[in-house]
Every structure is written in C-alpha cells, then in structure tokens.
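**Q** One structure, as structure tokens, below. Some questions next.
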There are 2 protein chains.
Amino acid sequence: MPPSPLTIAKLTKPTSGTIAGWVANVRSSGALIFLQVRDGTGVIQAVVAKDAVDAKTFAAAKDATLESSVRITGEVKNEPRSPSGWEMKVVQFELVQKAAEYPIGKKEHGPDFLLDQRHLWLRSEKQSAILRLRDEVVWQLRSWLHAHDFVLTDSPILTPTAAEGTTTLFKTDYFGEPAFLAQTGQLYLEATAMALGRVYDFGPTFRAEKSKTRKHLVEFWMMDAEAAFVDHVGNLEIQEHLIADVIAETVKARLRELEILGRDVSTLAKITAPFPRLTYDEAVARLIKQGSKIKLGDDFGAPEEELISQDYDQPVFIEFFPTTIKAFYMQPHPDHPERVLCADLIAPEGFGEIIGGSQRIDDYELLKKRLREWKLKESDYAWYLDLRKYGSVPHSGFGIGLERLVRWIGGIEHIREAIPFPRLLNRLRP
Amino acid sequence: MPPSPLTIAKLTKPTSGTIAGWVANVRSSGALIFLQVRDGTGVIQAVVAKDAVDAKTFAAAKDATLESSVRITGEVKNEPRSPSGWEMKVVQFELVQKAAEYPIGKKEHGPDFLLDQRHLWLRSEKQSAILRLRDEVVWQLRSWLHAHDFVLTDSPILTPTAAEGTTTLFKTDYFGEPAFLAQTGQLYLEATAMALGRVYDFGPTFRAEKSKTRKHLVEFWMMDAEAAFVDHVGNLEIQEHLIADVIAETVKARLRELEILGRDVSTLAKITAPFPRLTYDEAVARLIKQGSKIKLGDDFGAPEEELISQDYDQPVFIEFFPTTIKAFYMQPHPDHPERVLCADLIAPEGFGEIIGGSQRIDDYELLKKRLREWKLKESDYAWYLDLRKYGSVPHSGFGIGLERLVRWIGGIEHIREAIPFPRLLNRLRP
C-alpha cells in the first residue's frame with residue numbers, strides 16, 4: 001500500500017509528507033503561489049516558491065484552478081495566518097486533474113442554483129461542516145443508545161398499511177399488491193421491545209406532503225426508541241438525558257465545525273436534564289395570555305412552538321395533548337381520559353419540535369375500541385393487537401427527527417442543508 | 001422514577017430486587033412452581049414455594065401462562081442448573097397480564113407459520129440472539145468506520161434514475177414524476193467523498209427481484225464506503241481489515257448469542273487480514289478443473305462461489321471480472337482493458353458473496369464512453385460526470401450486504417432470519 005497522505009485535521013507537530021486534496025483557493029504574486037488545499041478533513045495553506053521548485057512544478061502550480069485535485073509534498077510548519085494553523089512549503093506539486101471553470105463562485109447564489117449543484121456545493125466549508133456535524137450527532141445518538149442497552153432492530157420501510165393514515169404516503173407496487181413507504185417504525189418496535197426490552201430503529205422515513213417550510217423534508221431520518229416496562233414519566237427521563245448527553249458530546253467533538261457555522265455554543269452549553277414540563281392546557285392558557293388565537297383542542301403549529309420556547313433556554317416538554325389530535329395508540333391520562341400520556345419536546349431558540357413520544361395503550365379492549373373510533377381496519381392491526389394479548393406490559397417510546405436535531409445544534413437556517421441530498425417538493429435531483 | 005428492575009444479563013453477584021419480564025416456561029410440582037422468566041437480556045429461573053408466599057401470590061404464579069408478563073421480586077442467588085446461572089427465590093409475584101394461549105409451541109412449525117407470527121417468533125431464544133447479533137455487527141461496522149475517519153453521509157432513497165438498470169426497481173409517484181427506490185448509494189457517495197475524503201452510508205435498499213433463495217431479501221440493509229485517493233489495492237486492504245476487525249469484536253461481544261445459535265466460533269477465530277486473492281481468470285480455470293460448466297466471460301452464481309470458498313478457511317477476493325458483466329463505472333485494468341479493477345469478497349463455508357467493490361472510472365471521456373456503451377442517458381448522469389470535471393481523483397469503494405454478513409457470522413441457514421421483519425417475494429407482512 002502506498003504511504004498514506006497526511007491528514008490535515010490530524011497534524012499536531014511540524015512534519016513533512018504529502019497531502020492529497022483539492023484547491024479551495026489560489027492566488028499568485030509573481031514568484032510565490034499561495035494555495036488553500038482542502039483534503040476533506042481541513043484546509044492547509046500551501047506555498048509554492050519559484051526558487052524552491054523546478055520550472056515544471058511551478059508551472060503546474062500556476063495552472064491549478066479552483067477545485068483542481070492535487071498532490072503536494074513538502075515541509076509542514078506552524079503558521080498562525082493559515083486557517084488550519086499550518087502551512088506547507090511545497091517541493092513537489094502534482095496537478096492530478098485540472099478542474100474546468102467551477103460553477104460555484106464567491107458571489108451569492110440563489111438556493112435553487114445551489115441545490116441544483118448540491119453534488120459540488122457539499123464541498124464548501126459550511127456544507128462540509130454540516131455533514132460532519134450530522135455524522136457526529138448520529139454517532140452520539142447511537143453510542144448513547146448502545147451504552148444504555150437499547151438494541152437496534154431496524155423497522156421495515158415497505159409496509160402494507162399506514163400507521164397514521166394514508167394521505168401523505170408514497171405508494172408502490174409490491175409484486176401485485178400495494179405497499180407504502182413507512183412514516184414510522186414505532187409499531188414494529190413495540191413488537192421487538194416485547195422480545196428484547198429496550199429497542200430502537202434509525203432509518204429514512206417519507207412524507208409525501210406538499211409543504212414548503214424551513215422545517216420539512218420529504219425524505220428524512222428518524223430515530224425511534226421503545227422500552228418495555230417504562231411509563232410516561234420514565235419515557236421523558238430517557239429523552240432528556242439522551243438529548244442533554246448527545247448535545248454535550250457533539251459540541252465537544254465538533255467545536256471547529258460549530259465555529260465555522262457561526263453557532264453560539266453558549267446556548268447549547270446550558271442544556272441539562274431535567275427539562276421543564278408544561279401541560280398542554282397550561283401551554284394553551286399561556287399562549288392565549290400572550291395574544292395567540294389558539295383554542296383548547298387545537299394543535300400547535302410553528303408560531304405556537306416558537307412563542308412557548310421563548311420563555312425557556314432549555315428544551316421544554318408539552319405533556320398531555322387532547323386524545324383527538326394525537327395518534328390512536330396513546331395511553332389515556334388516568335385522571336383526564338380526554339388527554340393522553342404523551343409529550344412533544346420543543347427546542348429552544350425557535351427550532352421547534354424535535355421529539356414526539358407517548359406511553360402506548362397496553363389494554364387489548366381499549367386498543368380495539370380506538371381502532372374502531374379512528375376507523376382503522378382491525379385486520380390490518382391484528383399482529384399489533386397480538387402484542388396486547390400475549391404478555392402485554394406498560395411501554396413507552398419516542399421518535400427524534402434527525403435533521404431537526406442537527407438543524408438546532410448547528411443553528412442552521414434551513415433544514416434542507418441538514419441532509420446530504422435533500423428531497424423537497426419538486427426536488428428529486430441530484 | 002420507580003426503582004429500575006434488575007437486568008438479567010448484568011447480574012454479577014447475589015442480590016435482591018425485582019425482575020420485569022415474560023414467562024418463557026413454567027412447570028409446577030405441587031408446592032413448588034418453577035418459571036423461566038426472560039427480560040429481553042437473558043433468562044432467569046424463578047422458584048415460587050407455597051410455604052414462602054401467601055396464598056394469593058402462589059395462585060397468581062400458578063395462573064401464569066406461557067408469555068404472560070410478570071414482575072417478580074426476591075433474592076437472586078447462583079444456581080448452576082439455571083440457564084443464566086442465577087435463580088430467584090420469589091417472595092412477590094405480580095401477574096401483569098395473563099397471556100392467551102400462545103400460538104408458538106414447542107412442536108415444529110413451518111416457515112410460513114413462523115413468518116406470519118414474526119412479531120411473536122422474535123421472542124424465541126434463537127431469534128432474539130440473532131437480533132442481538134445483528135445489532136452488534138452494525139455497531140462494530142459503524143465503530144470501525146468512525147475510528148478510521150469515514151464520515152457518514154446518508155444517501156437518498158428516492159432517486160430519479162437507476163444506477164444499475166431499472167428492471168428490479170420499485171417505482172413510486174413523486175409529486176407527478178416517477179421516482180425509484182435506490183439499490184445503492186454509491187454514486188452519491190462519490191460526490192461526498194470529493195467533499196470529505198472518506199465517507200460511508202448505511203441504509204435500506206430494495207430489489208424487486210422475483211428470486212426465492214436462502215440469500216435474497218427484497219428489502220435489505222447495505223453499508224457503502226467510498227474513499228478518495230484510494231486505488232484498487234488500497235480498497236481491498238480497507239475491506240479485509242474492516243471485516244477481520246468486525247468479526248473479532250463481534251465474536252468477543254456476542255459469544256453467548258453465538259453459542260445459542262450453535263455457531264462453531266473456531267472457524268471465525270481463523271479470520272485474519274490479509275485475505276487471499278484470486279483473479280477471475282484463475283478462478284474460472286480452477287472451477288473448470290473441478291468440473292464446473294462455467295466459461296470465461298460468465299458471471300459466478302452461488303454454486304461457483306461455494307466451490308471456490310471450499311479451498312479456503314478465509315474469505316477470498318475474486319479480482320478483475322470481465323468489463324461486460326460488471327457495472328459501467330468500474331475502472332479498466334491497466335494491463336487488461338477487458339477486465340476491471342473490481343473484487344467480490346466470498347465468505348468461507350459456502351456463505352457466498354458479502355462485499356462487492358471497485359476502483360471507479362475517474363476519466364471524464366472514458367465515463368461518457370461507457371454511458372453510451374451501456375445505453376444510459378448522459379443527462380441522467382450529468383452531476384455524476386461533473387465529479388470527473390472538477391478535481392477528479394482516483395477513488396474506490398465497496399458495499400457490504402448486512403444480512404449476508406450477519407448470516408455468515410451467525411451461521412444462520414436462511415437470510416430471512418437475519419432481519420427483524422423480512423420482506424420476501426409475496427411477503428409484506430407483518
């Protein structure tokens with residue numbers, strides 16, 4: 001195997017060697033050429049001096065255009081004026097491929113142009129930082145779940161029925177019968193929780209919704225967790241520790257990327273469990289006081305979530321929503337049968353809902369009644385009902401929208417930047 | 001929060017407390033009731049003695065049926081005759097829910113019946129062990145990639161075109177235009193590799209193939225990795241270290257589960273990098289010698305893979321397949337232009353192909369030529385061609401089929417048991 005190139009992000013002391021990467025910037029001043037070379041982990045300043053290299057090498061360096069691929073060899077020394085703190089004095093310069101004129105320049109581009117060029121736009125400092133942040137958030141979520149004895153049980157994507165209604169489902173033909181792309185793996189997780197105790201899934205989900213907001217994607221990633229013998233109270237405790245720990249570890253590991261994104265990390269440093277709780281009824285009363293037109297029984301939208309989160313620098317749980325505006329499988333509140341044992345977690349700073357969860361109905365007869373009330377076919381849920389017939393237990397779970405969490409942690413304006421190749425209304429490319 | 005129950009798998013010394021779980025077996029002999037109680041992490045033997053509990057408690061224990069949910073409290077002591085090595089002397093017994101007559105008994109059931117009951121079948125000792133094994137394999141794969149600087153960049157599932165032809169693709173309507181469920185994220189990874197250097201994805205993929213074998217699923221999970229500035233030789237080195245390390249760590253962490261599966265772990269202990277390499281031409285010559293009817297230019301099927309693997313107790317790389325039977329994007333062999341710089345990794349013991357990989361074409365003109373030869377529309381691959389226009393570099397990657405890897409490590413007869421809810425020809429339920 002050829003000797004590995006140096007990795008910019010891993011430089012710790014002066015050294016010499018080769019860096020393989022792309023030209024992120026170039027300017028020349030007569031006998032000196034200054035290049036910013038990125039290798040995917042960081043950016044280093046490279047200096048090619050006319051008197052330090054042969055004429056062919058100098059010509060090759062002079063020929064390098066924006067985003068050309070290069071291999072540069074030389075001594076690496078500290079240089080405070082370089083973005084990475086390092087500078088290479090180049091003695092060998094190989095122009096691997098000279099890039100054609102790069103379509104993304106320094107001028108402002110509109111979002112449609114940048115999304116059309118997503119395969120190239122990803123190379124920009126900011127977009128690369130977001131991808132690294134997303135990678136870390138996923139890693140921290142999975143690490144926390146692994147450390148807390150949650151077992152990964154991937155849920156199927158192709159499903160015969162809709163967990164929460166069919167209006168926003170993508171449909172396909174499955175060898176002659178209709179199939180739908182799942183919007184949640186929760187129902188399947190309830191089955192694996194009865195086998196393994198604590199389980200999670202983490203995969204893509206799909207919502208064929210014609211909404212165009214800064215918070216919605218057509219294809220997005222969800223992490224669902226489910227735990228047997230855990231009630232509503234325990235459910236919230238799991239969520240707040242998971243979120244607080246994941247944020248603390250992510251900030252620690254991705255400080256440089258958060259800096260690139262201009263994120264005010266001090267607001268994230270304040271996040272600690274436990275998180276404040278507010279009942280739905282309390283929240284509505286408060287909203288009305290603040291001038292909102294909301295009525296008891298209405299669901300919250302983005303404006304309501306934003307208003308509520310203004311009072312906190314922590315995420316806040318809104319508990320006990322009305323039965324009628326939540327899913328059929330939620331356990332009724334023991335003292336208020338028209339409310340359910342659920343909670344949404346609202347992020348601070350106006351980033352909106354990032355978790356939805358609930359205790360699930362564990363009584364066979366009540367679940368059957370709910371299916372009837374919601375006009376869902378019992379035969380479609382026969383296996384789900386079985387879970388209440390054979391060793392039913394109190395159990396609870398929740399789902400985290402990955403891109404919403406990444407958007408919050410990164411302080412990212414638009415959710416479409418929180419996923420490598422966003423799928424939006426009328427955007428299926430690249 | 002109520003005190004957490006004991007976790008069977010974590011018992012290390014005699015203690016007392018509550019275990020919450022399900023009855024995996026029960027028998028009574030007059031004044032003694034013996035229960036096997038599983039909590040999702042393990043199984044403990046529980047003894048309810050008539051003279052140690054009140055009449056109501058004894059009656060509740062006597063009433064417990066197979067798969068009933070229970071909370072049992074008492075002293076836990078070592079007991080070599082118990083499957084977990086532990087036994088509880090029960091002083092409190094709560095029957096949480098009495099299970100109806102459990103459909104899965106001790107007698108042999110056919111595969112169709114068990115697959116219909118998949119939501120319950122998962123609770124069996126063997127199926128639970130497979131789920132835990134799968135969880136660990138995923139964890140080890142991701143841990144290795146994270147430790148080796150691969151950045152997760154999830155690829156889209158909904159795509160406008162087919163990377164490798166449209167015949168086996170699921171189709172859906174994407175707001176008025178056709179979309180397909182991706183069979184690989186590789187092309188997208190090539191874009192993110194140019195931004196980040198080393199990248200991977202890990203998600204569900206779909207093949208609408210009418211095949212009914214022990215090695216095929218309609219919906220399965222793939223891990224794709226891609227690395228910039230890595231050639232074919234380096235590509236194989238990454239793969240063999242990844243596989244050898246993942247197997248070693250998984251065996252260490254899941255010895256109990258592998259025992260339950262009856263896996264001969266000694267064959268896995270032999271797996272060490274480097275793996276042997278065989279060219280396609282050498283393999284064909286050897287197969288013909290062994291009596292196979294294969295001809296130069298033919299692809300390998302399961303019988304050929306099995307024959308080849310018989311000569312090795314390591315996985316073996318088959319390198320340099322004919323251009324005509326592989327994908328359009330593979331880099332030609334420099335000395336044999338009718339062969340490509342690719343390799344399939346064949347697992348030992350007849351478990352078949354688990355990895356496919358190659359160096360990718362990095363030359364713009366050659367890639368355009370190949371698109372023409374393969375009759376693929378250039379406009380569909382415009383963004384993919386761009387990667388060869390703006391800083392193209394030698395790069396390579398590979399894809400691992402998760403269920404095939406789990407099947408091999410677990411020594412599992414049928415791949416349908418290596419995923420929680422298998423999707424097969426004519427099986428979309430539960």
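Order determines the names: the first chain of the structure tokens is A, the second B, and so forth; residues in each chain are numbered 1 upward, and ligands are numbered 1 upward as they are shown.
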Using only C-alpha atoms and a cut-off of 7 Å, which residues of chain A sit close to chain B? Please list them as a PyMOL selection string.
**A** chain A and resi 1+22+39-41+67-69+96-100+102+119+122-123+128+131-132+135+151-156+159-160+170-172+175+191-192+195-197+203+233-234+383+389-393+420-421+426+428-430
**Q** So that I can check the secondary structure, give me every residue of stretch 72-249 of chain A assigned helix (DSSP H, G or I) by backbone DSSP, as a PyMOL selection string.
**A** chain A and resi 111-116+118-121+125-147+186-196+232-249
**Q** Using DSSP assignments from the backbone, pull out every residue in stretch 160-402 of chain A that falls under strand (DSSP E or B) and give it to me as number ranges by chain.
**A** A: 163, 165, 171-174, 177-181, 198-206, 219-228, 277-279, 316-319, 322, 330, 332, 339-340, 342-347, 352-360, 395-401
**Q** Pick out the closest residue to A:Leu261 from this set: A:Ile130, A:Ala60, A:Thr18, A:Gly397. Count only C-alpha atoms.
**A** A:Ile130
**Q** Quick one: residues within 8 Å of B:Ile308, only C-alpha atoms counted, chain neighbours fewer than 3 positions away excluded, as number ranges by chain?
**A** B: 283, 287, 304-305, 311-312
**Q** Skip B:Gln45 itself and residues of its chain fewer than 5 positions away, then list as a list of chain:residue names all residues within 7 Å of it, counting only C-alpha atoms.
**A**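 Using only C-alpha atoms, the neighbours found are B:Phe34, B:Leu35, B:Gln36, B:Val37, B:Ser82, B:Trp86, B:Glu87, B:Met88.
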**Q** Just want the 9 Å neighbourhood of B:Glu306, counted on only C-alpha atoms, with same-chain residues fewer than 3 positions away dropped. Output as a ChimeraX atom specification.
**A** /B:301-303,309-310,346-352
**Q** Produce a file of the selected residues containing N, CA and C atoms, as a short mmCIF file (atom, residue, chain, number, x, y, z; two decimals), in the first residue's frame.
**A**
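The new file again24.cif reads:
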```cif
data_model
loop_
_atom_site.label_atom_id
_atom_site.label_comp_id
_atom_site.auth_asym_id
_atom_site.auth_seq_id
_atom_site.Cartn_x
_atom_site.Cartn_y
_atom_site.Cartn_z
N GLY B 301 -22.35 -17.76 -9.96
CA GLY B 301 -23.57 -17.92 -9.18
C GLY B 301 -23.19 -18.57 -7.86
N ALA B 302 -24.23 -18.90 -7.09
CA ALA B 302 -23.99 -19.50 -5.78
C ALA B 302 -23.15 -20.78 -5.87
N PRO B 303 -23.38 -21.68 -6.84
CA PRO B 303 -22.58 -22.92 -6.88
C PRO B 303 -21.09 -22.63 -7.09
N SER B 309 -14.97 -21.20 -2.40
CA SER B 309 -14.72 -20.98 -0.97
C SER B 309 -14.29 -22.25 -0.25
N GLN B 310 -14.56 -23.41 -0.87
CA GLN B 310 -14.18 -24.68 -0.23
C GLN B 310 -12.67 -24.81 -0.01
N ILE B 346 -15.78 -13.32 -1.16
CA ILE B 346 -16.60 -14.52 -0.95
C ILE B 346 -16.30 -15.06 0.45
N ALA B 347 -17.33 -15.20 1.26
CA ALA B 347 -17.15 -15.72 2.62
C ALA B 347 -16.87 -17.22 2.57
N PRO B 348 -16.18 -17.75 3.57
CA PRO B 348 -15.96 -19.19 3.62
C PRO B 348 -17.24 -19.95 4.00
N GLU B 349 -17.14 -21.26 4.05
CA GLU B 349 -18.24 -22.14 4.50
C GLU B 349 -19.49 -22.03 3.63
N GLY B 350 -19.31 -21.56 2.37
CA GLY B 350 -20.46 -21.51 1.47
C GLY B 350 -21.43 -20.37 1.72
N PHE B 351 -21.04 -19.36 2.49
CA PHE B 351 -21.96 -18.25 2.77
C PHE B 351 -22.01 -17.22 1.65
N GLY B 352 -21.17 -17.40 0.61
CA GLY B 352 -21.32 -16.59 -0.60
C GLY B 352 -20.77 -15.18 -0.51
#
```
**Q** Taking 6 positions as the minimum chain separation for residues in the same chain, which residues sit within 9 Å of stretch 288-297 of chain A when counting only C-alpha atoms? Answer as a PyMOL selection string.
**A** chain A and resi 280-281+303-304+307+321-322+324-325
**Q** Those same residues - N, CA and C atoms - I'd like them written as a tab-separated table (two decimals), in the first residue's frame.
**A**
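Saved as part21.tsv:
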```
chain	number	residue	atom	x	y	z
A	280	TYR	N	-50.30	20.60	28.19
A	280	TYR	CA	-50.95	21.21	27.03
A	280	TYR	C	-51.90	22.32	27.47
A	281	ASP	N	-52.69	22.05	28.53
A	281	ASP	CA	-53.67	23.03	28.99
A	281	ASP	C	-52.98	24.29	29.51
A	303	PRO	N	-45.80	28.78	14.97
A	303	PRO	CA	-45.84	30.03	15.75
A	303	PRO	C	-46.05	29.75	17.24
A	304	GLU	N	-46.91	28.77	17.56
A	304	GLU	CA	-47.17	28.44	18.97
A	304	GLU	C	-45.90	27.87	19.62
A	307	LEU	N	-43.48	30.70	20.31
A	307	LEU	CA	-43.90	31.53	21.45
A	307	LEU	C	-43.56	30.84	22.77
A	321	PHE	N	-51.55	16.08	25.54
A	321	PHE	CA	-52.37	16.67	24.48
A	321	PHE	C	-53.75	16.01	24.45
A	322	PRO	N	-54.72	16.67	23.82
A	322	PRO	CA	-56.05	16.06	23.68
A	322	PRO	C	-55.96	14.77	22.85
A	324	THR	N	-57.97	13.59	20.80
A	324	THR	CA	-58.48	13.73	19.43
A	324	THR	C	-57.44	14.22	18.43
A	325	ILE	N	-56.37	14.89	18.89
A	325	ILE	CA	-55.40	15.41	17.91
A	325	ILE	C	-54.11	14.60	17.92
```
**Q** Please measure the separation of atom CA of B:Ile8 and atom CA of B:Ile44, giving the value in Å to one decimal.
**A**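 Calculated distance between atom CA of B:Ile8 and atom CA of B:Ile44 is 6.8 Å.
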**Q** Considering only C-alpha atoms, return as a list in words whatever protein or nucleic-acid residues lie within 6 Å of stretch 335-342 of chain A, sequence-local ones (same chain, fewer than 4 positions apart) excluded.
**A**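 The neighbour list is Glu319, Phe320, Phe321, Pro322, Thr323, Gln331, Gly357, Ser358 and Gln359 of chain A.
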